[in-house]
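Down below is the structure, laid out as structure tokens.
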Amino acid sequence: MGKVRVVSFDADGTLVTPDFSQAVWYEGVPALYARKHGISLGKAKAFIEKEYHVVGDQRIEWYDIKYWLQRFGLGDCHEQLLEDCQHRVSCYPEVTQVLSSLSRDYILIVVSCSTREFLPYLLDGIEGYFVRVFSSVSDYGQIKTPEFFLEVCRQIGVSPVEMAHVGDLWEQDFIAPRDAGIRAFHLDRRGERKDSNSLESLEDLERRLREG
């Protein structure tokens, strides 16, 4: 096994809590729709959530705020919507300490499905730890696949065995990078999945990396 030189992190649900994204998708967008159509917030939420599920998270449109605002006839107000929800961005407690420690010995990058519109908010205050930030949806028009992870390796000039990736999505953050030959870890903060490469916090990631 090659020595890991690069550590890759998912963003939403890994570095930061889902609160910001939840506020945008399940509070902000329904509120705009309810206001536009003069219906209750409850009815708007039910309709919006049904539409989200019709598309599903295996399509890139799922992650595209501009697509959804256009689909719902809400105009181009994504910047204001994101700013209105910015106060909901919150890193997990261990993140700053772990990034500070790992950045001394590893190249740190972000590999996310979140779009370029979301990433500046999600990484606010911690972006300085990362050498590169990749959005699979905005930059490559796809969700995270083995081929995408191989392209990330090419872009940063390392072989797959020299990279580790951690994220909270089983398929996109564990299976896909693993199948690309990357050392993959699944972040399962609830401790529900008992896989040998599942972690309950990023502190566990640092320990595993340093153990080799």
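Convention: chains lettered A, B, ... in structure tokens order; per-chain residue numbering from 1; ligands numbered from 1 as shown.
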Contacts of range 81-92 of chain A at 7 Å or less, counting only C-alpha atoms, minus same-chain residues fewer than 5 places along, as a short mmCIF file (atom, residue, chain, number, x, y, z; two decimals) with N, CA and C atoms, in the first residue's frame?
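Written out: selection-v4.cif:
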data_model
loop_
_atom_site.label_atom_id
_atom_site.label_comp_id
_atom_site.auth_asym_id
_atom_site.auth_seq_id
_atom_site.Cartn_x
_atom_site.Cartn_y
_atom_site.Cartn_z
N LEU A 15 -17.66 17.80 6.89
CA LEU A 15 -17.00 18.92 7.57
C LEU A 15 -18.01 19.82 8.28
N VAL A 16 -19.14 20.01 7.65
CA VAL A 16 -20.18 20.89 8.22
C VAL A 16 -21.47 20.10 8.40
N THR A 17 -22.26 20.51 9.37
CA THR A 17 -23.53 19.85 9.63
C THR A 17 -24.48 20.10 8.46
N ASP A 19 -27.25 21.46 8.52
CA ASP A 19 -28.22 22.51 8.86
C ASP A 19 -28.39 23.55 7.77
N PHE A 20 -27.28 24.00 7.18
CA PHE A 20 -27.35 25.02 6.14
C PHE A 20 -28.12 24.51 4.92
N ALA A 23 -31.74 24.09 5.59
CA ALA A 23 -32.43 25.38 5.63
C ALA A 23 -32.72 25.89 4.23
N VAL A 24 -31.78 25.72 3.32
CA VAL A 24 -31.98 26.17 1.95
C VAL A 24 -33.08 25.36 1.27
N GLY A 28 -36.09 27.46 2.98
CA GLY A 28 -36.03 28.62 2.11
C GLY A 28 -36.80 28.47 0.82
N TYR A 121 -20.03 29.02 1.08
CA TYR A 121 -20.73 29.09 2.36
C TYR A 121 -20.35 27.90 3.25
N LEU A 122 -20.33 26.71 2.66
CA LEU A 122 -20.02 25.51 3.43
C LEU A 122 -18.60 25.55 4.00
#
### Message
Give me the residues near range 148-150 of chain A as a PyMOL selection string, where near means some atom within 10 Å (using only C-alpha atoms) and where sequence neighbours in that chain fewer than 4 positions away do not count.
### Response
chain A and resi 111+136+140-144+154-155+158-160+163+165+172-173+176-182
Residues as selected, N, CA and C atoms, written as an mmCIF file, in the first residue's frame, can you do that?
data_model
loop_
_atom_site.group_PDB
_atom_site.id
_atom_site.type_symbol
_atom_site.label_atom_id
_atom_site.label_comp_id
_atom_site.auth_asym_id
_atom_site.auth_seq_id
_atom_site.Cartn_x
_atom_site.Cartn_y
_atom_site.Cartn_z
ATOM 1 N N VAL A 111 -13.583 17.272 -2.012
ATOM 2 C CA VAL A 111 -14.213 16.631 -3.162
ATOM 3 C C VAL A 111 -15.685 16.460 -2.813
ATOM 4 N N SER A 136 -17.955 17.937 -8.102
ATOM 5 C CA SER A 136 -18.214 16.981 -9.181
ATOM 6 C C SER A 136 -19.339 17.464 -10.085
ATOM 7 N N TYR A 140 -17.632 18.895 -13.327
ATOM 8 C CA TYR A 140 -17.566 17.729 -14.205
ATOM 9 C C TYR A 140 -18.931 17.209 -14.636
ATOM 10 N N GLY A 141 -20.006 17.835 -14.168
ATOM 11 C CA GLY A 141 -21.348 17.445 -14.595
ATOM 12 C C GLY A 141 -21.728 16.030 -14.216
ATOM 13 N N GLN A 142 -21.302 15.577 -13.028
ATOM 14 C CA GLN A 142 -21.624 14.223 -12.597
ATOM 15 C C GLN A 142 -21.583 14.137 -11.078
ATOM 16 N N ILE A 143 -22.190 13.088 -10.553
ATOM 17 C CA ILE A 143 -22.024 12.788 -9.139
ATOM 18 C C ILE A 143 -20.671 12.104 -8.966
ATOM 19 N N LYS A 144 -20.313 11.774 -7.738
ATOM 20 C CA LYS A 144 -19.000 11.176 -7.500
ATOM 21 C C LYS A 144 -18.989 9.706 -7.924
ATOM 22 N N ARG A 154 -5.591 12.578 -11.074
ATOM 23 C CA ARG A 154 -4.786 13.100 -12.181
ATOM 24 C C ARG A 154 -4.561 14.603 -12.027
ATOM 25 N N GLN A 155 -5.612 15.291 -11.616
ATOM 26 C CA GLN A 155 -5.521 16.745 -11.485
ATOM 27 C C GLN A 155 -4.510 17.172 -10.425
ATOM 28 N N VAL A 158 -1.307 12.639 -8.176
ATOM 29 C CA VAL A 158 -0.991 11.509 -7.301
ATOM 30 C C VAL A 158 -1.651 10.253 -7.846
ATOM 31 N N SER A 159 -1.136 9.113 -7.444
ATOM 32 C CA SER A 159 -1.790 7.852 -7.777
ATOM 33 C C SER A 159 -2.900 7.602 -6.758
ATOM 34 N N PRO A 160 -3.892 6.781 -7.102
ATOM 35 C CA PRO A 160 -4.987 6.526 -6.157
ATOM 36 C C PRO A 160 -4.521 6.036 -4.789
ATOM 37 N N MET A 163 -3.868 8.601 -2.014
ATOM 38 C CA MET A 163 -4.959 9.475 -1.593
ATOM 39 C C MET A 163 -5.919 8.719 -0.688
ATOM 40 N N HIS A 165 -9.908 9.318 1.109
ATOM 41 C CA HIS A 165 -11.119 10.145 1.043
ATOM 42 C C HIS A 165 -12.060 9.741 2.158
ATOM 43 N N GLN A 172 -21.242 7.275 -2.708
ATOM 44 C CA GLN A 172 -20.414 8.288 -3.362
ATOM 45 C C GLN A 172 -19.110 8.588 -2.629
ATOM 46 N N ASP A 173 -19.088 8.398 -1.325
ATOM 47 C CA ASP A 173 -17.892 8.734 -0.555
ATOM 48 C C ASP A 173 -17.096 7.521 -0.099
ATOM 49 N N ALA A 176 -17.405 4.508 -4.304
ATOM 50 C CA ALA A 176 -16.800 5.092 -5.515
ATOM 51 C C ALA A 176 -15.294 5.302 -5.373
ATOM 52 N N PRO A 177 -14.813 5.963 -4.321
ATOM 53 C CA PRO A 177 -13.354 6.101 -4.216
ATOM 54 C C PRO A 177 -12.641 4.772 -3.981
ATOM 55 N N ARG A 178 -13.266 3.881 -3.223
ATOM 56 C CA ARG A 178 -12.653 2.567 -2.997
ATOM 57 C C ARG A 178 -12.459 1.838 -4.317
ATOM 58 N N ASP A 179 -13.483 1.901 -5.179
ATOM 59 C CA ASP A 179 -13.392 1.224 -6.469
ATOM 60 C C ASP A 179 -12.364 1.874 -7.391
ATOM 61 N N ALA A 180 -11.999 3.107 -7.088
ATOM 62 C CA ALA A 180 -10.948 3.786 -7.857
ATOM 63 C C ALA A 180 -9.556 3.471 -7.316
ATOM 64 N N GLY A 181 -9.483 2.705 -6.235
ATOM 65 C CA GLY A 181 -8.200 2.353 -5.646
ATOM 66 C C GLY A 181 -7.723 3.298 -4.569
ATOM 67 N N ILE A 182 -8.612 4.200 -4.145
ATOM 68 C CA ILE A 182 -8.305 5.171 -3.100
ATOM 69 C C ILE A 182 -8.609 4.553 -1.742
#
### Task
Can you list, as a ChimeraX atom specification, all residues belonging to range 57-149 of chain A that DSSP tags as helix (DSSP H, G or I)?
/A:60-63,65-71,78-88,95-102,119-122,127-129,136-140,146-149
### Task
List the neighbours of Val166 in chain A out to 8 Å using only C-alpha atoms; skip same-chain residues closer than 6 positions along the sequence, and give me the result as a PyMOL selection string.
chain A and resi 7-10+14+173-174+184-187+205
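For the pair CA of Val133 in chain A and CA of Val110 in chain A, the separation is 4.6 Å.
Of the residues listed (A:Arg116, A:Glu211, A:Val98, A:Gly167), A:Gly167 shows the shortest atom-to-atom separation from Leu199 in chain A; distances use only C-alpha atoms.
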### Residues flagged strand (DSSP E) by DSSP in chain A, as an MDAnalysis selection string
chainID A and resid 6:9 107:112 132:135 163:167 183:187 198:199
#### Entry: Test item: residues at most 8 Å from range 43-45 of chain A, only C-alpha atoms, excluding those fewer than 2 positions along its chain, as a count of residues only
12
